[in-house]
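Containing compact mmCIF, C-alpha atoms: target_31.txt.
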```
# COMPACT_ATOMS: atom_id res chain seq x y z
CA MET A 222 21.54 -33.12 28.50
CA ALA A 223 22.42 -30.97 25.50
CA ARG A 224 23.27 -27.38 26.26
CA MET A 225 20.84 -24.83 24.80
CA PRO A 226 22.44 -22.55 22.22
CA THR A 227 22.42 -18.86 23.03
CA VAL A 228 22.33 -15.68 21.00
CA HIS A 229 23.02 -12.07 21.83
CA GLU A 230 20.15 -9.63 21.47
CA THR A 231 19.94 -5.96 22.34
CA ASN A 232 17.47 -4.31 24.66
CA ARG A 233 15.80 -0.96 23.92
CA ASN A 234 18.86 0.82 25.30
CA GLY A 235 21.15 -0.97 22.88
CA SER A 236 22.86 -3.07 25.55
CA PRO A 237 23.56 -6.73 24.74
CA THR A 238 21.58 -9.40 26.53
CA LEU A 239 22.06 -13.16 26.54
CA CYS A 240 19.06 -15.37 25.91
CA ALA A 241 18.25 -18.95 25.06
CA MET A 242 17.45 -19.69 21.43
CA SER A 243 14.92 -22.21 20.22
CA LEU A 244 16.16 -25.03 17.98
CA LYS A 245 13.09 -24.65 15.78
CA ASP A 246 13.89 -23.71 12.19
CA PRO A 247 11.10 -21.54 10.71
CA ASN A 248 12.59 -22.10 7.23
CA LEU A 249 12.87 -18.42 6.36
CA ALA A 250 13.35 -17.31 2.78
CA ASN A 251 15.98 -14.83 3.97
CA ALA A 252 17.31 -15.60 7.44
CA LYS A 253 19.35 -12.39 7.38
CA LYS A 254 16.26 -10.25 6.87
CA ARG A 255 13.37 -11.49 8.93
CA LYS A 256 9.93 -10.03 8.40
CA ARG A 257 9.18 -7.35 11.01
CA VAL A 258 5.77 -6.30 12.30
CA ALA A 259 4.90 -3.32 14.51
CA VAL A 260 1.97 -4.22 16.80
CA VAL A 261 0.11 -1.27 18.31
CA LEU A 262 -1.87 -1.50 21.56
CA ALA A 263 -4.20 1.20 22.84
CA ASN A 264 -3.19 3.09 25.95
CA PRO A 265 -5.40 2.78 29.05
CA ALA A 266 -8.46 5.02 29.16
CA LEU A 267 -11.79 5.48 30.87
CA SER A 268 -14.98 4.60 29.03
CA THR A 269 -17.21 7.64 28.66
CA THR A 270 -20.29 5.38 28.44
CA THR A 271 -19.74 2.92 31.32
CA GLN A 272 -17.04 4.76 33.31
CA TRP A 273 -15.09 1.49 33.36
CA PRO A 274 -11.32 1.42 32.80
CA VAL A 275 -10.64 0.15 29.27
CA GLY A 276 -7.56 -0.95 27.37
CA PHE A 277 -6.43 -3.52 24.82
CA TRP A 278 -7.70 -7.10 24.48
CA TRP A 279 -5.21 -9.82 25.41
CA SER A 280 -6.00 -12.29 22.62
CA GLU A 281 -5.61 -9.57 20.00
CA LEU A 282 -2.00 -9.21 21.07
CA THR A 283 -1.07 -12.73 22.07
CA HIS A 284 -2.64 -14.76 19.26
CA PRO A 285 -1.09 -12.69 16.44
CA TYR A 286 2.18 -12.58 18.38
CA PHE A 287 2.22 -16.39 18.60
CA VAL A 288 1.38 -16.91 14.92
CA MET A 289 3.97 -14.42 13.71
CA THR A 290 6.84 -15.43 15.97
CA GLU A 291 6.24 -19.09 15.13
CA GLN A 292 6.92 -18.08 11.53
CA GLY A 293 10.19 -16.45 12.55
CA TYR A 294 8.87 -12.89 12.33
CA GLU A 295 10.22 -10.17 14.60
CA VAL A 296 7.48 -8.35 16.52
CA ALA A 297 7.83 -4.98 18.26
CA ILE A 298 5.10 -3.55 20.48
CA PHE A 299 4.09 0.10 20.49
CA SER A 300 1.25 2.28 21.76
CA PRO A 301 0.14 5.78 20.78
CA LYS A 302 1.67 7.41 23.87
CA GLY A 303 4.15 4.72 24.87
CA GLY A 304 4.50 3.39 28.42
CA LYS A 305 2.56 0.71 30.26
CA CYS A 306 -0.55 -0.73 28.63
CA GLU A 307 -3.46 -2.32 30.47
CA ALA A 308 -5.78 -5.02 29.17
CA ASP A 309 -9.57 -5.09 29.37
CA ALA A 310 -10.34 -7.09 32.50
CA MET A 311 -12.51 -9.74 30.88
CA SER A 312 -9.83 -10.53 28.30
CA ASP A 313 -7.63 -11.94 31.08
CA PRO A 314 -8.02 -15.75 31.29
CA ARG A 315 -7.74 -15.47 35.09
CA HIS A 316 -10.70 -13.08 35.40
CA GLU A 317 -13.45 -14.27 37.71
CA SER A 318 -16.06 -14.00 34.96
CA GLY A 319 -14.44 -16.91 33.12
CA TYR A 320 -15.10 -15.11 29.82
CA SER A 321 -11.59 -15.81 28.49
CA ALA A 322 -10.78 -18.85 30.63
CA GLU A 323 -10.10 -21.07 27.60
CA ASP A 324 -7.54 -18.67 26.13
CA LEU A 325 -4.43 -20.71 26.88
CA ILE A 326 -2.23 -18.67 24.53
CA SER A 327 -2.89 -15.50 26.53
CA LEU A 328 -2.50 -17.40 29.78
CA GLY A 329 0.93 -18.58 28.70
CA PHE A 330 1.95 -15.10 27.56
CA ILE A 331 0.83 -13.50 30.83
CA ASN A 332 2.67 -16.09 32.92
CA SER A 333 5.92 -15.73 30.97
CA PRO A 334 7.92 -12.92 32.66
CA LYS A 335 9.75 -12.20 29.40
CA HIS A 336 6.53 -11.74 27.46
CA ALA A 337 4.46 -10.06 30.16
CA ALA A 338 7.19 -7.42 30.41
CA LEU A 339 6.57 -6.40 26.80
CA ILE A 340 3.50 -4.35 27.75
CA GLU A 341 5.13 -2.68 30.75
CA ASP A 342 7.08 -0.10 28.76
CA THR A 343 5.86 0.11 25.17
CA ARG A 344 7.48 2.52 22.75
CA PRO A 345 5.40 5.40 21.35
CA VAL A 346 4.25 5.05 17.76
CA SER A 347 6.27 8.14 16.91
CA GLU A 348 9.34 5.89 17.12
CA ILE A 349 8.11 3.49 14.42
CA GLU A 350 10.45 3.73 11.45
CA VAL A 351 8.25 2.53 8.62
CA GLU A 352 11.18 1.60 6.41
CA HIS A 353 12.31 -0.95 9.00
CA PHE A 354 9.00 -2.83 9.15
CA ASP A 355 6.93 -4.88 6.72
CA ALA A 356 3.55 -4.39 8.39
CA ILE A 357 1.68 -2.59 11.14
CA LEU A 358 -1.04 -4.38 13.13
CA VAL A 359 -3.41 -2.34 15.28
CA ALA A 360 -4.96 -4.54 17.97
CA GLY A 361 -8.35 -3.86 19.49
CA GLY A 362 -9.94 -3.85 22.89
CA GLN A 363 -12.36 -1.22 24.11
CA ALA A 364 -9.92 1.71 24.45
CA PRO A 365 -9.52 2.44 20.68
CA MET A 366 -13.18 3.47 20.54
CA PHE A 367 -12.55 6.23 23.07
CA THR A 368 -9.03 7.33 22.20
CA TYR A 369 -8.21 6.98 18.49
CA ASP A 370 -9.95 10.20 17.58
CA SER A 371 -6.91 11.96 19.05
CA ALA A 372 -4.27 9.37 18.04
CA HIS A 373 -3.03 11.51 15.17
CA GLU A 374 0.47 10.06 15.06
CA LEU A 375 -0.95 6.53 14.83
CA CYS A 376 -3.28 7.55 11.99
CA ASN A 377 -0.32 9.04 10.14
CA LYS A 378 1.82 5.94 10.61
CA PHE A 379 -1.00 3.62 9.52
CA VAL A 380 -1.47 5.63 6.32
CA GLU A 381 2.29 5.78 5.78
CA PHE A 382 2.48 1.98 5.85
CA TYR A 383 -0.46 1.72 3.47
CA GLU A 384 0.82 4.28 0.98
CA ALA A 385 4.27 2.67 1.04
CA GLY A 386 2.66 -0.58 -0.17
CA LYS A 387 3.25 -2.31 3.16
CA LEU A 388 0.57 -4.20 5.03
CA ALA A 389 -1.77 -2.09 7.14
CA VAL A 390 -3.72 -4.36 9.49
CA ALA A 391 -6.46 -3.60 12.04
CA LEU A 392 -8.31 -6.02 14.29
CA CYS A 393 -11.70 -5.85 16.05
CA HIS A 394 -12.22 -2.40 17.62
CA GLY A 395 -8.74 -1.53 16.39
CA VAL A 396 -10.55 -0.99 13.08
CA ALA A 397 -11.58 2.29 14.73
CA ILE A 398 -8.37 3.68 13.21
CA LEU A 399 -10.10 3.59 9.82
CA ARG A 400 -12.67 6.12 11.00
CA TYR A 401 -9.89 8.70 11.12
CA ALA A 402 -7.20 7.56 8.66
CA LYS A 403 -7.03 9.75 5.56
CA LEU A 404 -4.78 9.31 2.55
CA SER A 405 -2.42 12.04 1.40
CA ASN A 406 -5.06 13.11 -1.15
CA GLY A 407 -7.52 13.79 1.67
CA GLU A 408 -9.79 10.80 1.05
CA TYR A 409 -10.57 8.28 3.75
CA LEU A 410 -8.35 5.21 3.40
CA VAL A 411 -11.32 2.89 3.88
CA LYS A 412 -13.44 4.39 1.08
CA GLY A 413 -14.26 1.69 -1.48
CA LYS A 414 -12.50 -1.03 0.51
CA THR A 415 -13.95 -4.32 1.68
CA VAL A 416 -13.37 -4.57 5.42
CA THR A 417 -14.56 -6.26 8.58
CA GLY A 418 -14.47 -5.40 12.27
CA PHE A 419 -16.61 -5.70 15.37
CA ALA A 420 -20.03 -6.17 13.81
CA ASN A 421 -23.38 -4.72 14.80
CA VAL A 422 -24.68 -8.17 15.68
CA GLU A 423 -21.84 -8.41 18.23
CA GLU A 424 -22.44 -4.90 19.58
CA ASP A 425 -26.11 -5.87 20.02
CA PHE A 426 -25.01 -8.96 21.94
CA ALA A 427 -22.73 -6.90 24.21
CA ASP A 428 -25.45 -4.34 24.89
CA ASP A 429 -28.02 -7.03 25.70
CA ALA A 430 -25.56 -8.65 28.12
CA VAL A 431 -24.86 -5.50 30.12
CA TRP A 432 -28.56 -4.59 30.12
CA ALA A 433 -29.46 -8.05 31.45
CA MET A 434 -26.87 -7.62 34.21
CA LYS A 435 -28.31 -4.14 34.91
CA LEU A 436 -24.89 -2.58 34.44
CA LEU A 437 -26.31 0.05 32.09
CA PRO A 438 -29.83 1.41 31.53
CA ARG A 439 -31.40 0.33 28.25
CA ASP A 440 -31.04 3.76 26.69
CA GLN A 441 -27.24 3.56 26.98
CA HIS A 442 -24.81 1.49 24.90
CA VAL A 443 -21.41 0.01 25.72
CA MET A 444 -19.77 1.76 22.78
CA PRO A 445 -20.13 5.43 21.82
CA TRP A 446 -20.34 4.51 18.13
CA ARG A 447 -20.22 1.37 15.99
CA ILE A 448 -17.53 0.13 13.63
CA GLU A 449 -19.94 -1.34 11.06
CA ASP A 450 -22.10 1.79 10.85
CA GLU A 451 -19.16 4.17 10.49
CA MET A 452 -17.34 2.06 7.90
CA LYS A 453 -20.47 2.04 5.74
CA LYS A 454 -20.87 5.81 6.14
CA LEU A 455 -17.32 6.27 4.87
CA GLY A 456 -18.01 4.24 1.73
CA ALA A 457 -16.59 0.87 2.75
CA ASN A 458 -18.07 -2.51 1.87
CA PHE A 459 -18.43 -3.96 5.38
CA VAL A 460 -18.66 -7.76 5.67
CA HIS A 461 -18.44 -10.23 8.56
CA GLY A 462 -18.41 -13.95 9.18
CA GLY A 463 -21.31 -14.14 11.64
CA LEU A 464 -21.74 -13.74 15.39
CA TRP A 465 -18.45 -14.51 17.20
CA ARG A 466 -17.05 -16.35 14.16
CA ALA A 467 -13.33 -16.02 13.46
CA PHE A 468 -12.98 -13.99 10.27
CA SER A 469 -10.50 -11.77 8.46
CA ILE A 470 -10.29 -10.31 4.98
CA ARG A 471 -7.73 -8.62 2.74
CA ASP A 472 -8.36 -5.87 0.21
CA GLY A 473 -5.03 -5.11 -1.45
CA ASN A 474 -2.57 -4.32 1.33
CA LEU A 475 -5.31 -3.57 3.88
CA ILE A 476 -6.19 -6.46 6.21
CA THR A 477 -8.96 -6.36 8.82
CA GLY A 478 -10.10 -8.89 11.42
CA GLN A 479 -13.58 -9.16 12.87
CA GLN A 480 -13.25 -9.45 16.65
CA ASN A 481 -11.29 -10.92 19.58
CA PHE A 482 -11.67 -14.47 18.24
CA SER A 483 -10.05 -13.49 14.94
CA GLY A 484 -6.50 -12.74 16.08
CA SER A 485 -4.97 -15.94 14.75
CA GLU A 486 -6.89 -15.77 11.46
CA THR A 487 -5.84 -12.16 10.93
CA ALA A 488 -2.18 -12.95 11.61
CA GLU A 489 -2.31 -16.04 9.40
CA LEU A 490 -3.64 -13.91 6.54
CA LEU A 491 -0.83 -11.43 7.18
CA VAL A 492 1.74 -14.25 7.08
CA ARG A 493 0.29 -15.73 3.87
CA THR A 494 0.48 -12.31 2.26
CA LEU A 495 4.02 -11.41 3.41
CA GLY A 496 5.50 -14.88 3.02
CA ALA A 497 8.46 -16.47 4.79
```

Can you dump the structure from the file as structure tokens?
Amino acid sequence: MARMPTVHETNRNGSPTLCAMSLKDPNLANAKKRKRVAVVLANPALSTTTQWPVGFWWSELTHPYFVMTEQGYEVAIFSPKGGKCEADAMSDPRHESGYSAEDLISLGFINSPKHAALIEDTRPVSEIEVEHFDAILVAGGQAPMFTYDSAHELCNKFVEFYEAGKLAVALCHGVAILRYAKLSNGEYLVKGKTVTGFANVEEDFADDAVWAMKLLPRDQHVMPWRIEDEMKKLGANFVHGGLWRAFSIRDGNLITGQQNFSGSETAELLVRTLGA
């Protein structure tokens, strides 16, 4: 049997590590300068509406990660505060609800020790050096809706990418970042932009589900505010592809994805825009 080639990489402490290298050739335009993307996950939090623990959504990390690494991109994972990140329970394919049971990409990621370790000790967004990356991608999950109002460093980095002409990407409830991101001239970044995100029709669906299960009284909602409503208030042209349909859209160097089923589509649009 042929011996697998190996390459030396460095860990976050700068020490060399030895790892197997795939034989796949992604046919990069410049193999010496791979495209680099900073993916941001929300730190764990407690929902103020349901009192449930909330975090990021697995498919909004794993599906973009798969698409981008298959194209030969380098992906680094960050969070506003750094440290260990936790996923929303129902985004785990192993969860008893079966909600994400068909998500084989996430299942593979979770069961790969090398990949699962990536969320155990994320770097804080303050360590993102914008000049060393081609794009930032803010994943969703429930936690952004409760925490991004105070994620000032993340807002600054997102705007820095955008104003540098690099891709600024937000997915699902990660689009919450656009409620707070202001340009250097003081205007909201999202003003006048065509964007998508978790749509009202999907928030209605989520509310109806928890009401039917008697997990919340009917005068309470899962989310403290809604992406679609706030984007419209800030002067955005909000569009979506329909209930639970995979959908993403680009307006200049701003890319947004609709919900947890749009991770691959969002990353594919990113890849088409950045190139090989």

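Using only C-alpha atoms for every distance, the candidate list A:Asn264, A:Thr415, A:Ser333, A:Gln363 yields A:Thr415 as the residue closest to Gly473 in chain A.
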
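Counting all atoms listed in the file and comparing A:Leu262, A:Trp273, A:Met366, A:Thr417, the residue that lies closest to Ile340 in chain A is A:Leu262.
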
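Here CA of Glu307 in chain A and CA of Pro365 in chain A stand 12.5 Å from one another.
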
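Atom to atom, CA of Leu437 in chain A and CA of Thr270 in chain A stand 8.8 Å apart.
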
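Distances here use all atoms listed in the file; by that measure, the residue among A:Leu249, A:Leu388, A:Val431, A:Val411 closest to Lys454 in chain A is A:Val411.
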
(message) To one decimal place in Å, what is the distance between CA of Val492 in chain A and CA of Asp472 in chain A?
(response) 14.8 Å

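Using all atoms listed in the file, the nearest neighbour of Phe419 in chain A within the list A:Ser469, A:Gln479, A:Thr494, A:Ser371 is A:Gln479.
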
(request) Choose the residue, out of A:Gln292, A:Asn406, A:Ser300, A:Asn251, that has the smallest atom-to-atom separation from Glu341 in chain A; count only C-alpha atoms. (result) A:Ser300

(request) Identify, on the basis of all atoms listed in the file, every residue whose closest approach to Ala372 in chain A does not exceed 12 Å; exclude the query and any residue fewer than 5 positions from it along the same chain; express the result as a list in words. (result) Val261, Leu262, Ala263, Asn264, Ser300, Pro301, Lys302, Gly303, Pro345, Val346, Ser347, Ala364, Pro365, Met366, Phe367, Asn377, Lys378, Phe379, Gly395, Ala397, Ile398, Leu399, Arg400, Tyr401 and Ala402 of chain A

Export of prior selection with C-alpha atoms as a short mmCIF file (atom, residue, chain, number, x, y, z; two decimals), in the frame of the given file:
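Output (selection32.cif):
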```cif
data_model
loop_
_atom_site.label_atom_id
_atom_site.label_comp_id
_atom_site.auth_asym_id
_atom_site.auth_seq_id
_atom_site.Cartn_x
_atom_site.Cartn_y
_atom_site.Cartn_z
CA VAL A 261 0.11 -1.27 18.31
CA LEU A 262 -1.87 -1.50 21.56
CA ALA A 263 -4.20 1.20 22.84
CA ASN A 264 -3.19 3.09 25.95
CA SER A 300 1.25 2.28 21.76
CA PRO A 301 0.14 5.78 20.78
CA LYS A 302 1.67 7.41 23.87
CA GLY A 303 4.15 4.72 24.87
CA PRO A 345 5.40 5.40 21.35
CA VAL A 346 4.25 5.05 17.76
CA SER A 347 6.27 8.14 16.91
CA ALA A 364 -9.92 1.71 24.45
CA PRO A 365 -9.52 2.44 20.68
CA MET A 366 -13.18 3.47 20.54
CA PHE A 367 -12.55 6.23 23.07
CA ASN A 377 -0.32 9.04 10.14
CA LYS A 378 1.82 5.94 10.61
CA PHE A 379 -1.00 3.62 9.52
CA GLY A 395 -8.74 -1.53 16.39
CA ALA A 397 -11.58 2.29 14.73
CA ILE A 398 -8.37 3.68 13.21
CA LEU A 399 -10.10 3.59 9.82
CA ARG A 400 -12.67 6.12 11.00
CA TYR A 401 -9.89 8.70 11.12
CA ALA A 402 -7.20 7.56 8.66
#
```

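Each of A:Leu464, A:Leu495, A:Ile448, A:Ala389 was checked against Ile476 in chain A using all atoms listed in the file; the smallest atom-to-atom distance is that of A:Ala389.
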
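For Gln480 in chain A, the list of residues within 8 Å, based on all atoms listed in the file and with local chain neighbours fewer than 3 positions off taken out, reads Gly361, Leu392, Cys393, His394, Gly418, Phe419, Trp465, Ala467, Phe468, Ser483 and Gly484 of chain A.
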
(request) List every protein, DNA or RNA residue that has at least one atom no more than 12 Å from (10.2, 2.0, 1.2) in the file's coordinates, counting only C-alpha atoms, and write the result as JSON, numbers by chain. (result) {"A": [350, 351, 352, 353, 354, 355, 356, 381, 382, 383, 384, 385, 386, 387]}

Hey, can you spit out that residue selection with C-alpha atoms as a JSON list (two decimals), in the frame of the given file?
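Now in out-v1.json:
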```
[["chain", "number", "residue", "atom", "x", "y", "z"],
["A", 350, "GLU", "CA", 10.45, 3.73, 11.45],
["A", 351, "VAL", "CA", 8.25, 2.53, 8.62],
["A", 352, "GLU", "CA", 11.18, 1.60, 6.41],
["A", 353, "HIS", "CA", 12.31, -0.95, 9.00],
["A", 354, "PHE", "CA", 9.00, -2.83, 9.15],
["A", 355, "ASP", "CA", 6.93, -4.88, 6.72],
["A", 356, "ALA", "CA", 3.55, -4.39, 8.39],
["A", 381, "GLU", "CA", 2.29, 5.78, 5.78],
["A", 382, "PHE", "CA", 2.48, 1.98, 5.85],
["A", 383, "TYR", "CA", -0.46, 1.72, 3.47],
["A", 384, "GLU", "CA", 0.82, 4.28, 0.98],
["A", 385, "ALA", "CA", 4.27, 2.67, 1.04],
["A", 386, "GLY", "CA", 2.66, -0.58, -0.17],
["A", 387, "LYS", "CA", 3.25, -2.31, 3.16]]
```
